[in-house]
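A.B. asks: Sharing work04.csv below, CSV, N, CA and C atoms and all ligand atoms:
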```csv
chain,number,residue,atom,x,y,z
B,25,MET,N,0.8,-1.2,0.0
B,25,MET,CA,0.0,0.0,0.0
B,25,MET,C,0.9,1.3,0.0
B,26,LYS,N,0.6,2.1,-0.9
B,26,LYS,CA,1.3,3.4,-1.0
B,26,LYS,C,0.9,4.3,0.1
B,27,THR,N,1.9,5.1,0.6
B,27,THR,CA,1.6,6.1,1.6
B,27,THR,C,1.1,7.3,1.0
B,28,LYS,N,0.1,7.9,1.6
B,28,LYS,CA,-0.5,9.1,1.0
B,28,LYS,C,0.2,10.3,1.6
B,29,LYS,N,0.3,11.3,0.8
B,29,LYS,CA,0.9,12.6,1.3
B,29,LYS,C,-0.2,13.6,1.4
B,30,LYS,N,0.1,14.6,2.2
B,30,LYS,CA,-0.9,15.7,2.4
B,30,LYS,C,-0.4,16.9,1.6
B,31,CYS,N,-1.2,17.5,0.8
B,31,CYS,CA,-0.9,18.7,0.0
B,31,CYS,C,-0.7,19.9,0.9
B,32,ALA,N,0.4,20.6,0.8
B,32,ALA,CA,0.7,21.7,1.6
B,32,ALA,C,-0.2,22.9,1.3
B,33,ILE,N,-0.9,22.9,0.1
B,33,ILE,CA,-1.7,24.0,-0.3
B,33,ILE,C,-3.2,23.8,0.1
B,34,CYS,N,-3.8,22.6,-0.4
B,34,CYS,CA,-5.2,22.4,-0.1
B,34,CYS,C,-5.5,21.4,0.9
B,35,ALA,N,-4.4,20.8,1.4
B,35,ALA,CA,-4.5,19.8,2.5
B,35,ALA,C,-5.2,18.5,2.1
B,36,ASN,N,-5.5,18.3,0.8
B,36,ASN,CA,-6.0,17.0,0.3
B,36,ASN,C,-4.9,16.0,0.4
B,37,ARG,N,-5.4,14.8,0.7
B,37,ARG,CA,-4.4,13.7,0.7
B,37,ARG,C,-4.4,13.0,-0.7
B,38,PHE,N,-3.2,12.7,-1.1
B,38,PHE,CA,-3.0,12.1,-2.4
B,38,PHE,C,-1.9,11.1,-2.4
B,39,GLU,N,-2.0,10.2,-3.5
B,39,GLU,CA,-1.0,9.2,-3.7
B,39,GLU,C,0.1,9.8,-4.6
B,40,PRO,N,1.2,10.0,-4.1
B,40,PRO,CA,2.2,10.6,-5.0
B,40,PRO,C,2.7,9.7,-6.1
B,41,THR,N,2.7,10.3,-7.3
B,41,THR,CA,3.2,9.6,-8.5
B,41,THR,C,4.7,9.6,-8.5
B,42,ARG,N,5.3,10.6,-7.9
B,42,ARG,CA,6.7,10.6,-7.8
B,42,ARG,C,7.1,10.8,-6.3
B,43,LEU,N,8.3,10.3,-6.0
B,43,LEU,CA,8.7,10.4,-4.6
B,43,LEU,C,8.7,11.8,-4.1
B,44,ASP,N,9.1,12.8,-4.9
B,44,ASP,CA,9.2,14.1,-4.5
B,44,ASP,C,7.9,15.0,-4.7
B,45,ALA,N,6.9,14.3,-5.1
B,45,ALA,CA,5.6,15.1,-5.3
B,45,ALA,C,5.1,15.7,-4.0
B,46,LYS,N,4.8,16.9,-4.1
B,46,LYS,CA,4.4,17.6,-2.9
B,46,LYS,C,2.9,18.1,-2.9
B,47,TYR,N,2.4,18.2,-4.2
B,47,TYR,CA,1.1,18.8,-4.3
B,47,TYR,C,0.0,17.9,-4.9
B,48,TYR,N,-1.2,18.1,-4.5
B,48,TYR,CA,-2.3,17.3,-4.9
B,48,TYR,C,-2.6,17.5,-6.4
B,49,SER,N,-2.5,18.7,-6.9
B,49,SER,CA,-2.8,18.9,-8.3
B,49,SER,C,-1.8,20.0,-8.9
B,50,ASN,N,-1.9,20.1,-10.2
B,50,ASN,CA,-1.1,21.1,-10.9
B,50,ASN,C,-1.5,22.5,-10.4
B,51,ALA,N,-2.7,22.7,-10.2
B,51,ALA,CA,-3.2,24.0,-9.7
B,51,ALA,C,-2.6,24.3,-8.3
B,52,CYS,N,-2.4,23.3,-7.5
B,52,CYS,CA,-1.8,23.5,-6.2
B,52,CYS,C,-0.3,23.9,-6.4
B,53,LYS,N,0.3,23.2,-7.3
B,53,LYS,CA,1.7,23.4,-7.6
B,53,LYS,C,1.9,24.8,-8.0
B,54,GLN,N,1.0,25.3,-8.9
B,54,GLN,CA,1.1,26.6,-9.4
B,54,GLN,C,0.9,27.7,-8.3
B,55,LYS,N,-0.1,27.4,-7.5
B,55,LYS,CA,-0.4,28.3,-6.4
B,55,LYS,C,0.8,28.4,-5.4
B,56,ALA,N,1.5,27.3,-5.1
B,56,ALA,CA,2.6,27.2,-4.3
B,56,ALA,C,3.8,28.1,-4.9
B,57,TYR,N,3.9,28.0,-6.2
B,57,TYR,CA,4.9,28.8,-6.9
B,57,TYR,C,4.6,30.3,-6.8
B,58,THR,N,3.4,30.6,-7.0
B,58,THR,CA,3.0,32.0,-6.9
B,58,THR,C,3.2,32.6,-5.5
B,59,GLN,N,2.9,31.8,-4.5
B,59,GLN,CA,3.1,32.2,-3.1
B,59,GLN,C,4.5,32.4,-2.8
B,60,ARG,N,5.4,31.5,-3.3
B,60,ARG,CA,6.8,31.7,-3.1
B,60,ARG,C,7.3,33.0,-3.7
B,61,GLU,N,6.9,33.2,-5.0
B,61,GLU,CA,7.3,34.4,-5.7
B,61,GLU,C,6.9,35.7,-4.9
B,62,LYS,N,5.7,35.6,-4.5
B,62,LYS,CA,5.1,36.8,-3.8
B,62,LYS,C,5.9,37.1,-2.5
B,63,ALA,N,6.2,36.0,-1.8
B,63,ALA,CA,7.0,36.1,-0.5
B,63,ALA,C,8.3,36.8,-0.8
B,64,GLU,N,8.9,36.4,-1.9
B,64,GLU,CA,10.3,36.9,-2.2
B,64,GLU,C,10.2,38.4,-2.6
B,65,LEU,N,9.1,38.8,-3.2
B,65,LEU,CA,9.0,40.1,-3.6
B,65,LEU,C,8.6,41.1,-2.5
B,66,GLN,N,8.2,40.6,-1.3
B,66,GLN,CA,7.8,41.4,-0.2
B,66,GLN,C,9.0,42.3,0.1
B,67,PRO,N,8.8,43.6,0.3
B,67,PRO,CA,9.9,44.5,0.7
B,67,PRO,C,10.4,44.2,2.1
B,68,LYS,N,11.6,44.3,2.2
B,68,LYS,CA,12.2,44.1,3.6
B,68,LYS,C,11.7,45.2,4.5
B,69,GLU,N,11.7,44.9,5.8
B,69,GLU,CA,11.2,45.9,6.7
B,69,GLU,C,12.0,47.3,6.5
B,70,THR,N,11.2,48.3,6.2
B,70,THR,CA,11.8,49.5,5.9
B,70,THR,C,12.6,50.1,7.1
B,71,GLU,N,13.6,50.7,6.7
B,71,GLU,CA,14.5,51.3,7.8
B,71,GLU,C,13.7,52.4,8.5
B,72,THR,N,13.8,52.4,9.8
B,72,THR,CA,13.0,53.4,10.5
B,72,THR,C,13.9,54.6,10.8
B,73,VAL,N,13.4,55.7,10.5
B,73,VAL,CA,14.2,57.0,10.7
B,73,VAL,C,13.4,57.9,11.6
B,74,PHE,N,14.2,58.5,12.5
B,74,PHE,CA,13.6,59.4,13.5
B,74,PHE,C,14.2,60.8,13.3
B,75,TYR,N,13.4,61.8,13.8
B,75,TYR,CA,13.9,63.2,13.6
B,75,TYR,C,14.0,63.8,15.0
B,76,MET,N,15.2,64.3,15.2
B,76,MET,CA,15.6,65.0,16.4
B,76,MET,C,14.7,66.2,16.7
B,77,ASP,N,14.4,66.9,15.7
B,77,ASP,CA,13.6,68.2,15.9
B,77,ASP,C,12.2,67.8,16.4
B,78,GLU,N,11.7,66.7,16.0
B,78,GLU,CA,10.4,66.2,16.4
B,78,GLU,C,10.4,65.9,17.9
B,79,TYR,N,11.5,65.2,18.3
B,79,TYR,CA,11.7,64.9,19.7
B,79,TYR,C,11.8,66.1,20.5
B,80,GLU,N,12.7,67.0,20.1
B,80,GLU,CA,12.8,68.3,20.8
B,80,GLU,C,11.5,69.0,21.0
B,81,TYR,N,10.8,69.0,19.9
B,81,TYR,CA,9.5,69.7,19.9
B,81,TYR,C,8.5,69.1,20.9
B,82,LEU,N,8.4,67.8,20.9
B,82,LEU,CA,7.5,67.1,21.9
B,82,LEU,C,8.0,67.3,23.3
B,83,LYS,N,9.3,67.2,23.5
B,83,LYS,CA,9.8,67.3,24.8
B,83,LYS,C,9.5,68.7,25.4
B,84,GLU,N,9.6,69.7,24.6
B,84,GLU,CA,9.3,71.0,25.0
B,84,GLU,C,7.8,71.2,25.2
B,85,PHE,N,7.0,70.6,24.3
B,85,PHE,CA,5.6,70.7,24.4
B,85,PHE,C,5.1,70.1,25.7
B,86,TYR,N,5.7,69.0,26.2
B,86,TYR,CA,5.2,68.4,27.4
B,86,TYR,C,6.0,68.9,28.6
B,87,GLY,N,7.0,69.7,28.4
B,87,GLY,CA,7.9,70.1,29.4
B,87,GLY,C,8.5,69.0,30.2
B,88,CYS,N,8.8,67.9,29.5
B,88,CYS,CA,9.4,66.7,30.1
B,88,CYS,C,10.9,66.9,30.3
B,89,ASP,N,11.4,66.3,31.3
B,89,ASP,CA,12.8,66.2,31.4
B,89,ASP,C,13.3,65.0,30.8
B,90,TYR,N,14.6,64.9,30.6
B,90,TYR,CA,15.2,63.9,29.8
B,90,TYR,C,14.9,62.5,30.4
B,91,GLU,N,14.9,62.4,31.7
B,91,GLU,CA,14.7,61.1,32.4
B,91,GLU,C,13.3,60.4,32.0
B,92,VAL,N,12.3,61.3,32.0
B,92,VAL,CA,11.0,60.8,31.7
B,92,VAL,C,10.8,60.4,30.2
B,93,PHE,N,11.2,61.3,29.4
B,93,PHE,CA,11.0,61.2,28.0
B,93,PHE,C,12.3,61.2,27.2
B,94,ASP,N,13.0,60.1,27.4
B,94,ASP,CA,14.3,60.0,26.7
B,94,ASP,C,14.1,59.7,25.2
B,95,LEU,N,15.2,59.8,24.5
B,95,LEU,CA,15.2,59.7,23.1
B,95,LEU,C,14.7,58.3,22.6
B,96,ILE,N,15.2,57.3,23.4
B,96,ILE,CA,14.8,55.9,23.0
B,96,ILE,C,13.3,55.7,23.1
B,97,PHE,N,12.8,56.2,24.2
B,97,PHE,CA,11.4,56.0,24.5
B,97,PHE,C,10.5,56.8,23.4
B,98,PHE,N,11.0,58.0,23.1
B,98,PHE,CA,10.4,58.7,22.0
B,98,PHE,C,10.3,57.9,20.7
B,99,CYS,N,11.5,57.3,20.3
B,99,CYS,CA,11.6,56.6,19.1
B,99,CYS,C,10.7,55.3,19.1
B,100,PHE,N,10.6,54.7,20.3
B,100,PHE,CA,9.8,53.5,20.5
B,100,PHE,C,8.3,53.9,20.2
B,101,LEU,N,7.9,55.0,20.8
B,101,LEU,CA,6.5,55.4,20.6
B,101,LEU,C,6.2,55.9,19.2
B,102,ARG,N,7.2,56.6,18.7
B,102,ARG,CA,7.1,57.2,17.4
B,102,ARG,C,6.9,56.2,16.3
B,103,ARG,N,7.7,55.1,16.5
B,103,ARG,CA,7.6,54.0,15.6
B,103,ARG,C,6.2,53.4,15.6
B,104,ASN,N,5.6,53.3,16.7
B,104,ASN,CA,4.3,52.7,16.8
B,104,ASN,C,3.3,53.6,16.1
B,105,TYR,N,3.6,54.9,16.2
B,105,TYR,CA,2.7,55.9,15.6
B,105,TYR,C,2.7,55.8,14.1
B,106,SER,N,3.9,55.6,13.5
B,106,SER,CA,4.1,55.5,12.1
B,106,SER,C,3.1,54.4,11.6
B,107,GLY,N,2.4,54.8,10.6
B,107,GLY,CA,1.4,53.9,10.0
B,107,GLY,C,0.1,53.8,10.6
B,108,SER,N,-0.1,54.7,11.7
B,108,SER,CA,-1.4,54.7,12.2
B,108,SER,C,-2.1,56.0,11.7
B,109,GLY,N,-2.4,56.0,10.5
B,109,GLY,CA,-3.2,57.0,9.9
B,109,GLY,C,-2.4,58.2,9.4
B,110,LYS,N,-3.1,59.3,9.1
B,110,LYS,CA,-2.4,60.5,8.6
B,110,LYS,C,-1.4,61.1,9.5
B,111,GLU,N,-0.3,61.3,8.9
B,111,GLU,CA,0.8,61.9,9.8
B,111,GLU,C,0.9,63.4,9.7
B,112,ASN,N,0.6,64.0,10.8
B,112,ASN,CA,0.9,65.5,10.9
B,112,ASN,C,1.1,65.8,12.3
B,113,ARG,N,1.6,67.0,12.6
B,113,ARG,CA,2.0,67.2,14.0
B,113,ARG,C,0.8,67.2,15.0
B,114,GLU,N,-0.4,67.6,14.5
B,114,GLU,CA,-1.5,67.5,15.4
B,114,GLU,C,-1.9,66.1,15.8
B,115,ASN,N,-1.9,65.2,14.8
B,115,ASN,CA,-2.1,63.8,15.1
B,115,ASN,C,-1.1,63.2,15.9
B,116,LEU,N,0.2,63.6,15.7
B,116,LEU,CA,1.3,63.1,16.5
B,116,LEU,C,1.1,63.5,18.0
B,117,ILE,N,0.7,64.7,18.2
B,117,ILE,CA,0.5,65.2,19.6
B,117,ILE,C,-0.6,64.4,20.2
B,118,ASN,N,-1.7,64.3,19.4
B,118,ASN,CA,-2.9,63.5,20.0
B,118,ASN,C,-2.4,62.1,20.3
B,119,TYR,N,-1.6,61.5,19.5
B,119,TYR,CA,-1.1,60.2,19.8
B,119,TYR,C,-0.3,60.1,21.1
B,120,PHE,N,0.6,61.1,21.2
B,120,PHE,CA,1.4,61.1,22.4
B,120,PHE,C,0.6,61.4,23.7
B,121,ASN,N,-0.4,62.3,23.5
B,121,ASN,CA,-1.4,62.5,24.6
B,121,ASN,C,-2.0,61.3,25.1
B,122,SER,N,-2.5,60.5,24.1
B,122,SER,CA,-3.2,59.2,24.5
B,122,SER,C,-2.2,58.3,25.2
B,123,ILE,N,-1.0,58.3,24.9
B,123,ILE,CA,0.0,57.5,25.6
B,123,ILE,C,0.2,58.0,27.0
B,124,TRP,N,0.3,59.4,27.1
B,124,TRP,CA,0.6,60.0,28.4
B,124,TRP,C,-0.6,59.8,29.3
B,125,THR,N,-1.8,60.0,28.8
B,125,THR,CA,-3.0,60.0,29.7
B,125,THR,C,-3.5,58.5,29.9
B,126,GLY,N,-3.4,57.7,28.9
B,126,GLY,CA,-4.0,56.4,29.0
B,126,GLY,C,-3.1,55.3,29.5
B,127,ASN,N,-1.8,55.6,29.5
B,127,ASN,CA,-0.9,54.5,30.0
B,127,ASN,C,0.1,55.1,30.9
B,128,ASN,N,0.6,54.2,31.7
B,128,ASN,CA,1.7,54.5,32.6
B,128,ASN,C,3.0,54.2,31.8
B,129,TYR,N,3.8,55.3,31.5
B,129,TYR,CA,5.0,55.1,30.7
B,129,TYR,C,6.0,54.2,31.4
B,130,GLU,N,6.0,54.2,32.7
B,130,GLU,CA,6.9,53.3,33.4
B,130,GLU,C,6.5,51.8,33.1
B,131,GLU,N,5.2,51.6,33.0
B,131,GLU,CA,4.8,50.3,32.7
B,131,GLU,C,5.1,49.9,31.3
B,132,LEU,N,5.0,50.8,30.4
B,132,LEU,CA,5.3,50.6,29.0
B,132,LEU,C,6.8,50.3,28.9
B,133,LYS,N,7.6,51.0,29.6
B,133,LYS,CA,9.1,50.8,29.6
B,133,LYS,C,9.5,49.4,30.1
B,134,GLY,N,8.6,48.9,31.0
B,134,GLY,CA,8.9,47.5,31.5
B,134,GLY,C,8.6,46.4,30.6
B,135,ARG,N,7.9,46.7,29.5
B,135,ARG,CA,7.5,45.7,28.6
B,135,ARG,C,8.6,45.1,27.7
B,136,LYS,N,8.4,43.9,27.3
B,136,LYS,CA,9.4,43.2,26.5
B,136,LYS,C,9.6,43.9,25.2
B,137,ALA,N,8.5,44.4,24.6
B,137,ALA,CA,8.7,45.1,23.3
B,137,ALA,C,9.6,46.3,23.4
B,138,TYR,N,9.4,47.0,24.5
B,138,TYR,CA,10.3,48.2,24.7
B,138,TYR,C,11.8,47.8,24.9
B,139,ARG,N,11.9,46.7,25.7
B,139,ARG,CA,13.3,46.3,26.0
B,139,ARG,C,14.0,45.8,24.8
B,140,SER,N,13.3,45.1,23.9
B,140,SER,CA,14.0,44.6,22.7
B,140,SER,C,14.2,45.8,21.7
B,141,PHE,N,13.3,46.7,21.7
B,141,PHE,CA,13.5,47.9,20.9
B,141,PHE,C,14.8,48.7,21.4
B,142,ARG,N,14.9,48.8,22.7
B,142,ARG,CA,16.0,49.5,23.3
B,142,ARG,C,17.3,48.9,22.9
B,143,GLU,N,17.3,47.6,23.0
B,143,GLU,CA,18.5,46.8,22.6
B,143,GLU,C,18.9,47.1,21.1
B,144,LYS,N,17.9,47.0,20.2
B,144,LYS,CA,18.2,47.3,18.8
B,144,LYS,C,18.7,48.7,18.6
B,145,PHE,N,18.1,49.6,19.4
B,145,PHE,CA,18.4,51.0,19.3
B,145,PHE,C,19.9,51.2,19.7
B,146,LEU,N,20.3,50.6,20.8
B,146,LEU,CA,21.6,50.8,21.3
B,146,LEU,C,22.6,50.1,20.4
B,147,GLU,N,22.2,49.1,19.6
B,147,GLU,CA,23.1,48.5,18.6
B,147,GLU,C,23.2,49.3,17.4
B,148,GLY,N,22.5,50.4,17.3
B,148,GLY,CA,22.6,51.4,16.2
B,148,GLY,C,21.8,51.0,15.0
B,149,ASN,N,20.6,50.3,15.2
B,149,ASN,CA,19.8,49.9,14.1
B,149,ASN,C,18.9,51.0,13.5
B,150,PHE,N,18.9,52.1,14.2
B,150,PHE,CA,18.0,53.2,13.7
B,150,PHE,C,18.7,54.5,13.4
B,151,LYS,N,18.2,55.2,12.5
B,151,LYS,CA,18.8,56.5,12.1
B,151,LYS,C,18.1,57.6,12.7
B,152,ILE,N,18.9,58.6,13.2
B,152,ILE,CA,18.3,59.8,13.7
B,152,ILE,C,18.9,61.0,13.0
B,153,PHE,N,18.0,61.8,12.5
B,153,PHE,CA,18.5,63.0,11.8
B,153,PHE,C,18.2,64.3,12.5
B,201,ZN,ZN,-3.4,20.8,-3.1
```
Output the structure of this file as structure tokens.
Ligand SMILES: [Zn+2]
C.D. replies:
Amino acid sequence: MKTKKKCAICANRFEPTRLDAKYYSNACKQKAYTQREKAELQPKETETVFYMDEYEYLKEFYGCDYEVFDLIFFCFLRRNYSGSGKENRENLINYFNSIWTGNNYEELKGRKAYRSFREKFLEGNFKIF
């Protein structure tokens, strides 16, 4: 009795005609190929860039001292803001307001996401202009 294989695309079980057969049908084979191509065409994670003047602006706006609102924390929050809708200074301030009033930044800083961001930051993975 031949062992059946499970197609990685449609999950149908089939009797392989060749030892290296992976897919149930030609359509599945084609789909797998298209998926691979698409995956390879995905852009790599875009380099994140931060702007010092934005940081200075917000720091002044909030009257924060360096200890509370340090550059790394700003970049961490700023990166989360990127991609959340229309970017302009008013929206940016609203975003930071919601962080300030809705969350405890000390708690945010204790999170794993922040700690790993901080590590990457200190390794020099981000650009600041
Ligand atoms: Zn299939």
A.B. asks: Residues at most 8 Å from ligand ZN 201 (chain B), using all atoms listed in the file? Could they come as a PyMOL selection string?
C.D. replies: chain B and resi 30-37+46-53
A.B. asks: Between atom CA of Glu80 of chain B and atom CA of Phe145 of chain B, what distance in Å does the model show, to one decimal?
C.D. replies: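 Atom-to-atom, atom CA of Glu80 of chain B and atom CA of Phe145 of chain B are spaced 18.2 Å apart.
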A.B. asks: Please list as a list in words every residue within 5 Å of Phe153 of chain B, counting only N, CA and C atoms and excluding residues in the same chain fewer than 5 positions away.
C.D. replies: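 Near Phe153 of chain B, the qualifying residues are Phe74, Tyr75 and Met76 of chain B.
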A.B. asks: Do you have the atom CA of Arg135 of chain B-atom CA of Leu101 of chain B distance handy?
C.D. replies: 12.6 Å
A.B. asks: How many Å lie between atom CA of Glu78 of chain B and atom C of Arg142 of chain B, rounded to one decimal?
C.D. replies: 19.7 Å
A.B. asks: So, counting only C-alpha atoms, which residue among B:Tyr79, B:Trp124, B:Phe38, B:Tyr86 is closest to Arg102 of chain B?
C.D. replies: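 Ranking B:Tyr79, B:Trp124, B:Phe38, B:Tyr86 by distance to Arg102 of chain B, first place goes to B:Tyr79.
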A.B. asks: Mind the document's chain letters and residue numbers, and return as a count of residues only the residues of chain B that DSSP labels strand (DSSP E).
C.D. replies: 8
A.B. asks: Just the alpha helix (DSSP H) stuff from chain B, please, per backbone DSSP, written as a VMD selection string.
C.D. replies: chain B and resid 50 to 65 76 to 86 95 to 105 113 to 126 129 to 133 136 to 146
A.B. asks: Ranking B:Ala45, B:Asp94, B:Tyr105, B:Thr72 by minimum distance to Tyr119 of chain B and counting only C-alpha atoms, which one comes first?
C.D. replies: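 That would be B:Tyr105, the residue with the smallest distance to Tyr119 of chain B.
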